[in-house]
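Asker: Pasting a structure here, questions to come.
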Amino acid sequence: MFFENLLLATGNRGKYEEFRAILPESFVGSLLFAPEVGGLAVEETGGSYAMNAVLKAKAWAEASGLPSLADDSGLEVAALGGLPGVRSARIVEGTDEDRNRWLLSQMEGRGDRRARFVAALALSVPERWTLVCEGECRGRIAEHPSGGGGFGYDPLFLPDGRTCTSAELTAAQKDAISHRGKAVRA
């Protein structure tokens, strides 16, 4: 399957750049960034990553008439009962750094630092079908942020089998093991 134009239904520039690197050229000709196409705001009211991804993909496909790909993803921390979860980007208002400070404050004094990134992708072709794929990357929460790459919680996430955070990996290294990379390959 090949899409001449595929709309990425996100306002997150970091996700857009990741998808540009992850999506094979044999799959998409031109990846369009939603804010450059229109101003549609889709409220993430679903109780799961998959539900939120489907809400966004279908809304953008209907509004634009283009095949639309949406992602909903988050960080789940075992010691916090799965928080921040589906509210990862909204658990604290502000910047990525504010959310990372919040996470570190919640982890103070906790020995169990296991965590996982989870992603659900929904691809919606207007008036035809919607496909959902998921991926995860297991790891642990670092004691302090490290690295200048990536976005979100990447400076605090140490993927299993690695001694550096996701923010310290090259884009190719991260894409090979990331939750989004796995979901795209699925």
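Numbering starts fresh at 1 for the residues of each chain in the structure tokens, the chains themselves are lettered A, B, ... in the order given, and ligands are numbered from 1 as they appear.
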Could you pull the residues within 9 Å of Ser26 in chain A, counting only C-alpha atoms, minus those fewer than 5 positions along the same chain, as JSON, numbers by chain?
Answerer: {"A": [1, 2, 3]}
Asker: Using 9 Å as the limit and counting only C-alpha atoms, can you tabulate each residue of range 56-95 of chain A that touches range 129-145 of chain A, with its shortest atom-to-atom distance in Å and the two atoms involved, as CSV?
Answerer:
```
residue,atom,partner,partner_atom,distance
A:Ala57,CA,A:Thr130,CA,8.1
A:Lys58,CA,A:Thr130,CA,7.6
A:Val77,CA,A:Ile141,CA,8.0
```
Asker: Write down as a VMD selection string the residues belonging to chain A that are assigned strand (DSSP E) by DSSP computed on the backbone.
Answerer: chain A and resid 3 to 8 28 to 33 68 to 77 114 to 125 129 to 141 157 to 159
Asker: List every residue of range 84-180 of chain A that DSSP, applied to the backbone of this structure, assigns to helix (DSSP H, G or I), and report them as number ranges by chain.
Answerer: A: 85-87, 96-107, 154-156, 166-168, 171-177, 179-180
Asker: For the residues selected in the previous step, produce a file with N, CA, C and O atoms as a short mmCIF file (atom, residue, chain, number, x, y, z; two decimals), in the first residue's frame.
Answerer:
```cif
data_model
loop_
_atom_site.label_atom_id
_atom_site.label_comp_id
_atom_site.auth_asym_id
_atom_site.auth_seq_id
_atom_site.Cartn_x
_atom_site.Cartn_y
_atom_site.Cartn_z
N GLY A 85 0.36 7.57 31.99
CA GLY A 85 -0.55 6.87 31.09
C GLY A 85 -1.10 7.71 29.96
O GLY A 85 -0.38 8.50 29.36
N VAL A 86 -2.42 7.53 29.69
CA VAL A 86 -3.03 8.24 28.56
C VAL A 86 -3.02 9.75 28.75
O VAL A 86 -3.26 10.49 27.80
N ARG A 87 -2.71 10.21 29.95
CA ARG A 87 -2.64 11.65 30.21
C ARG A 87 -1.19 12.14 30.24
O ARG A 87 -0.90 13.21 30.75
N ASP A 96 7.64 20.05 28.46
CA ASP A 96 8.18 18.72 28.71
C ASP A 96 9.01 18.73 30.00
O ASP A 96 8.94 17.79 30.79
N GLU A 97 9.79 19.78 30.20
CA GLU A 97 10.62 19.87 31.40
C GLU A 97 9.75 19.90 32.66
O GLU A 97 10.12 19.29 33.67
N ASP A 98 8.60 20.58 32.61
CA ASP A 98 7.69 20.60 33.76
C ASP A 98 7.17 19.20 34.06
O ASP A 98 7.09 18.79 35.23
N ARG A 99 6.82 18.45 33.02
CA ARG A 99 6.32 17.09 33.21
C ARG A 99 7.43 16.17 33.73
O ARG A 99 7.19 15.31 34.57
N ASN A 100 8.65 16.37 33.26
CA ASN A 100 9.77 15.57 33.75
C ASN A 100 10.05 15.88 35.22
O ASN A 100 10.34 14.96 36.00
N ARG A 101 9.96 17.13 35.61
CA ARG A 101 10.14 17.49 37.03
C ARG A 101 9.04 16.85 37.87
O ARG A 101 9.31 16.33 38.96
N TRP A 102 7.80 16.86 37.37
CA TRP A 102 6.69 16.23 38.08
C TRP A 102 6.99 14.74 38.28
O TRP A 102 6.84 14.21 39.38
N LEU A 103 7.43 14.07 37.21
CA LEU A 103 7.69 12.63 37.30
C LEU A 103 8.79 12.35 38.31
O LEU A 103 8.65 11.45 39.15
N LEU A 104 9.88 13.09 38.26
CA LEU A 104 10.96 12.88 39.23
C LEU A 104 10.48 13.11 40.66
O LEU A 104 10.86 12.36 41.57
N SER A 105 9.62 14.09 40.87
CA SER A 105 9.10 14.33 42.23
C SER A 105 8.23 13.15 42.69
O SER A 105 8.26 12.79 43.86
N GLN A 106 7.49 12.56 41.78
CA GLN A 106 6.65 11.40 42.12
C GLN A 106 7.49 10.15 42.40
O GLN A 106 7.05 9.26 43.12
N MET A 107 8.68 10.10 41.83
CA MET A 107 9.54 8.92 41.97
C MET A 107 10.46 8.98 43.19
O MET A 107 11.13 8.00 43.51
N ASP A 154 11.68 11.40 27.13
CA ASP A 154 12.89 10.74 26.64
C ASP A 154 14.12 10.96 27.52
O ASP A 154 14.90 10.02 27.72
N PRO A 155 14.35 12.15 28.09
CA PRO A 155 15.55 12.34 28.91
C PRO A 155 15.54 11.54 30.22
O PRO A 155 16.57 11.42 30.88
N LEU A 156 14.39 10.97 30.59
CA LEU A 156 14.29 10.19 31.83
C LEU A 156 14.12 8.70 31.59
O LEU A 156 14.14 7.92 32.53
N SER A 166 16.67 7.51 26.24
CA SER A 166 16.18 7.65 24.85
C SER A 166 16.65 8.96 24.23
O SER A 166 16.87 9.05 23.03
N ALA A 167 16.83 9.99 25.07
CA ALA A 167 17.28 11.29 24.58
C ALA A 167 18.75 11.29 24.19
O ALA A 167 19.23 12.22 23.55
N GLU A 168 19.49 10.25 24.57
CA GLU A 168 20.90 10.14 24.22
C GLU A 168 21.13 9.24 23.02
O GLU A 168 22.25 9.17 22.51
N ALA A 171 18.66 9.09 16.37
CA ALA A 171 17.30 8.89 15.88
C ALA A 171 17.12 7.46 15.37
O ALA A 171 16.10 6.82 15.66
N ALA A 172 18.09 6.92 14.65
CA ALA A 172 17.99 5.56 14.12
C ALA A 172 17.97 4.53 15.24
O ALA A 172 17.20 3.55 15.18
N GLN A 173 18.81 4.72 16.27
CA GLN A 173 18.81 3.79 17.40
C GLN A 173 17.46 3.82 18.13
O GLN A 173 16.92 2.77 18.48
N LYS A 174 16.93 5.01 18.34
CA LYS A 174 15.65 5.13 19.03
C LYS A 174 14.53 4.51 18.21
O LYS A 174 13.72 3.75 18.75
N ASP A 175 14.48 4.81 16.93
CA ASP A 175 13.42 4.28 16.07
C ASP A 175 13.43 2.76 16.02
O ASP A 175 12.38 2.13 15.91
N ALA A 176 14.61 2.15 16.14
CA ALA A 176 14.73 0.69 16.07
C ALA A 176 14.08 -0.01 17.26
O ALA A 176 13.64 -1.15 17.14
N ILE A 177 14.03 0.68 18.42
CA ILE A 177 13.50 0.04 19.63
C ILE A 177 12.26 0.72 20.20
O ILE A 177 11.63 0.18 21.11
N HIS A 179 8.54 2.49 20.96
CA HIS A 179 7.14 2.09 20.89
C HIS A 179 6.52 2.50 19.56
O HIS A 179 5.76 1.74 18.96
N ARG A 180 6.85 3.70 19.06
CA ARG A 180 6.30 4.14 17.77
C ARG A 180 6.88 3.33 16.61
O ARG A 180 6.17 2.94 15.70
#
```
Asker: Please provide as an MDAnalysis selection string all residues within 10 Å of Ala21 in chain A, with the sequence filter that same-chain residues fewer than 3 positions apart are discarded (counting only C-alpha atoms).
Answerer: chainID A and resid 15:18 24:25 171:172 175 181
Asker: Just write the chosen residues, all heavy atoms, as a PDB file, in the first residue's frame.
Answerer:
```pdb
ATOM      1  N   LYS A  15       6.889  14.455  17.286  1.00  0.00           N
ATOM      2  CA  LYS A  15       6.283  13.245  16.725  1.00  0.00           C
ATOM      3  C   LYS A  15       6.339  13.277  15.206  1.00  0.00           C
ATOM      4  O   LYS A  15       6.624  12.264  14.563  1.00  0.00           O
ATOM      5  CB  LYS A  15       4.824  13.101  17.172  1.00  0.00           C
ATOM      6  CG  LYS A  15       4.657  12.606  18.575  1.00  0.00           C
ATOM      7  CD  LYS A  15       3.181  12.365  18.873  1.00  0.00           C
ATOM      8  CE  LYS A  15       2.981  11.964  20.320  1.00  0.00           C
ATOM      9  NZ  LYS A  15       1.569  11.659  20.612  1.00  0.00           N
ATOM     10  N   TYR A  16       6.067  14.442  14.632  1.00  0.00           N
ATOM     11  CA  TYR A  16       6.111  14.570  13.179  1.00  0.00           C
ATOM     12  C   TYR A  16       7.499  14.192  12.649  1.00  0.00           C
ATOM     13  O   TYR A  16       7.627  13.424  11.689  1.00  0.00           O
ATOM     14  CB  TYR A  16       5.724  15.986  12.757  1.00  0.00           C
ATOM     15  CG  TYR A  16       5.886  16.243  11.280  1.00  0.00           C
ATOM     16  CD1 TYR A  16       4.971  15.734  10.369  1.00  0.00           C
ATOM     17  CD2 TYR A  16       6.964  16.975  10.795  1.00  0.00           C
ATOM     18  CE1 TYR A  16       5.131  15.946   9.004  1.00  0.00           C
ATOM     19  CE2 TYR A  16       7.125  17.197   9.443  1.00  0.00           C
ATOM     20  CZ  TYR A  16       6.203  16.683   8.548  1.00  0.00           C
ATOM     21  OH  TYR A  16       6.373  16.895   7.208  1.00  0.00           O
ATOM     22  N   GLU A  17       8.535  14.725  13.277  1.00  0.00           N
ATOM     23  CA  GLU A  17       9.899  14.428  12.835  1.00  0.00           C
ATOM     24  C   GLU A  17      10.217  12.941  12.996  1.00  0.00           C
ATOM     25  O   GLU A  17      10.870  12.343  12.132  1.00  0.00           O
ATOM     26  CB  GLU A  17      10.919  15.295  13.579  1.00  0.00           C
ATOM     27  CG  GLU A  17      10.800  16.776  13.292  1.00  0.00           C
ATOM     28  CD  GLU A  17      10.981  17.134  11.818  1.00  0.00           C
ATOM     29  OE1 GLU A  17      11.713  16.423  11.091  1.00  0.00           O
ATOM     30  OE2 GLU A  17      10.383  18.137  11.379  1.00  0.00           O
ATOM     31  N   GLU A  18       9.752  12.349  14.093  1.00  0.00           N
ATOM     32  CA  GLU A  18       9.967  10.912  14.293  1.00  0.00           C
ATOM     33  C   GLU A  18       9.292  10.099  13.195  1.00  0.00           C
ATOM     34  O   GLU A  18       9.883   9.171  12.644  1.00  0.00           O
ATOM     35  CB  GLU A  18       9.421  10.465  15.659  1.00  0.00           C
ATOM     36  CG  GLU A  18      10.495  10.220  16.654  1.00  0.00           C
ATOM     37  CD  GLU A  18       9.995   9.634  17.957  1.00  0.00           C
ATOM     38  OE1 GLU A  18       9.095   8.769  17.967  1.00  0.00           O
ATOM     39  OE2 GLU A  18      10.544  10.047  18.987  1.00  0.00           O
ATOM     40  N   PRO A  24       8.480   4.233   6.013  1.00  0.00           N
ATOM     41  CA  PRO A  24       9.257   3.909   4.810  1.00  0.00           C
ATOM     42  C   PRO A  24       8.798   4.704   3.594  1.00  0.00           C
ATOM     43  O   PRO A  24       7.605   5.005   3.451  1.00  0.00           O
ATOM     44  CB  PRO A  24       8.995   2.415   4.605  1.00  0.00           C
ATOM     45  CG  PRO A  24       7.924   2.020   5.541  1.00  0.00           C
ATOM     46  CD  PRO A  24       7.678   3.143   6.494  1.00  0.00           C
ATOM     47  N   GLU A  25       9.745   5.053   2.740  1.00  0.00           N
ATOM     48  CA  GLU A  25       9.418   5.787   1.513  1.00  0.00           C
ATOM     49  C   GLU A  25       8.483   4.995   0.617  1.00  0.00           C
ATOM     50  O   GLU A  25       7.743   5.567  -0.179  1.00  0.00           O
ATOM     51  CB  GLU A  25      10.701   6.155   0.765  1.00  0.00           C
ATOM     52  CG  GLU A  25      11.522   7.197   1.473  1.00  0.00           C
ATOM     53  CD  GLU A  25      12.800   7.535   0.726  1.00  0.00           C
ATOM     54  OE1 GLU A  25      12.939   7.154  -0.455  1.00  0.00           O
ATOM     55  OE2 GLU A  25      13.674   8.181   1.347  1.00  0.00           O
ATOM     56  N   ALA A 171      18.661   9.092  16.366  1.00  0.00           N
ATOM     57  CA  ALA A 171      17.298   8.889  15.876  1.00  0.00           C
ATOM     58  C   ALA A 171      17.115   7.465  15.373  1.00  0.00           C
ATOM     59  O   ALA A 171      16.099   6.817  15.659  1.00  0.00           O
ATOM     60  CB  ALA A 171      16.969   9.896  14.774  1.00  0.00           C
ATOM     61  N   ALA A 172      18.088   6.925  14.652  1.00  0.00           N
ATOM     62  CA  ALA A 172      17.991   5.563  14.118  1.00  0.00           C
ATOM     63  C   ALA A 172      17.973   4.527  15.237  1.00  0.00           C
ATOM     64  O   ALA A 172      17.203   3.553  15.181  1.00  0.00           O
ATOM     65  CB  ALA A 172      19.141   5.289  13.158  1.00  0.00           C
ATOM     66  N   ASP A 175      14.484   4.808  16.927  1.00  0.00           N
ATOM     67  CA  ASP A 175      13.418   4.281  16.069  1.00  0.00           C
ATOM     68  C   ASP A 175      13.425   2.760  16.025  1.00  0.00           C
ATOM     69  O   ASP A 175      12.384   2.126  15.906  1.00  0.00           O
ATOM     70  CB  ASP A 175      13.530   4.849  14.660  1.00  0.00           C
ATOM     71  CG  ASP A 175      13.301   6.355  14.616  1.00  0.00           C
ATOM     72  OD1 ASP A 175      12.755   6.905  15.593  1.00  0.00           O
ATOM     73  OD2 ASP A 175      13.685   6.978  13.606  1.00  0.00           O
ATOM     74  N   GLY A 181       8.181   3.095  16.664  1.00  0.00           N
ATOM     75  CA  GLY A 181       8.820   2.294  15.631  1.00  0.00           C
ATOM     76  C   GLY A 181       8.202   0.902  15.550  1.00  0.00           C
ATOM     77  O   GLY A 181       7.916   0.395  14.458  1.00  0.00           O
TER      78      GLY A 181
END
```
Asker: If I take CA of Val42 in chain A and CA of Arg185 in chain A, how far is one from the other in Å, to one decimal?
Answerer: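 Computed distance, CA of Val42 in chain A to CA of Arg185 in chain A, equals 25.6 Å.
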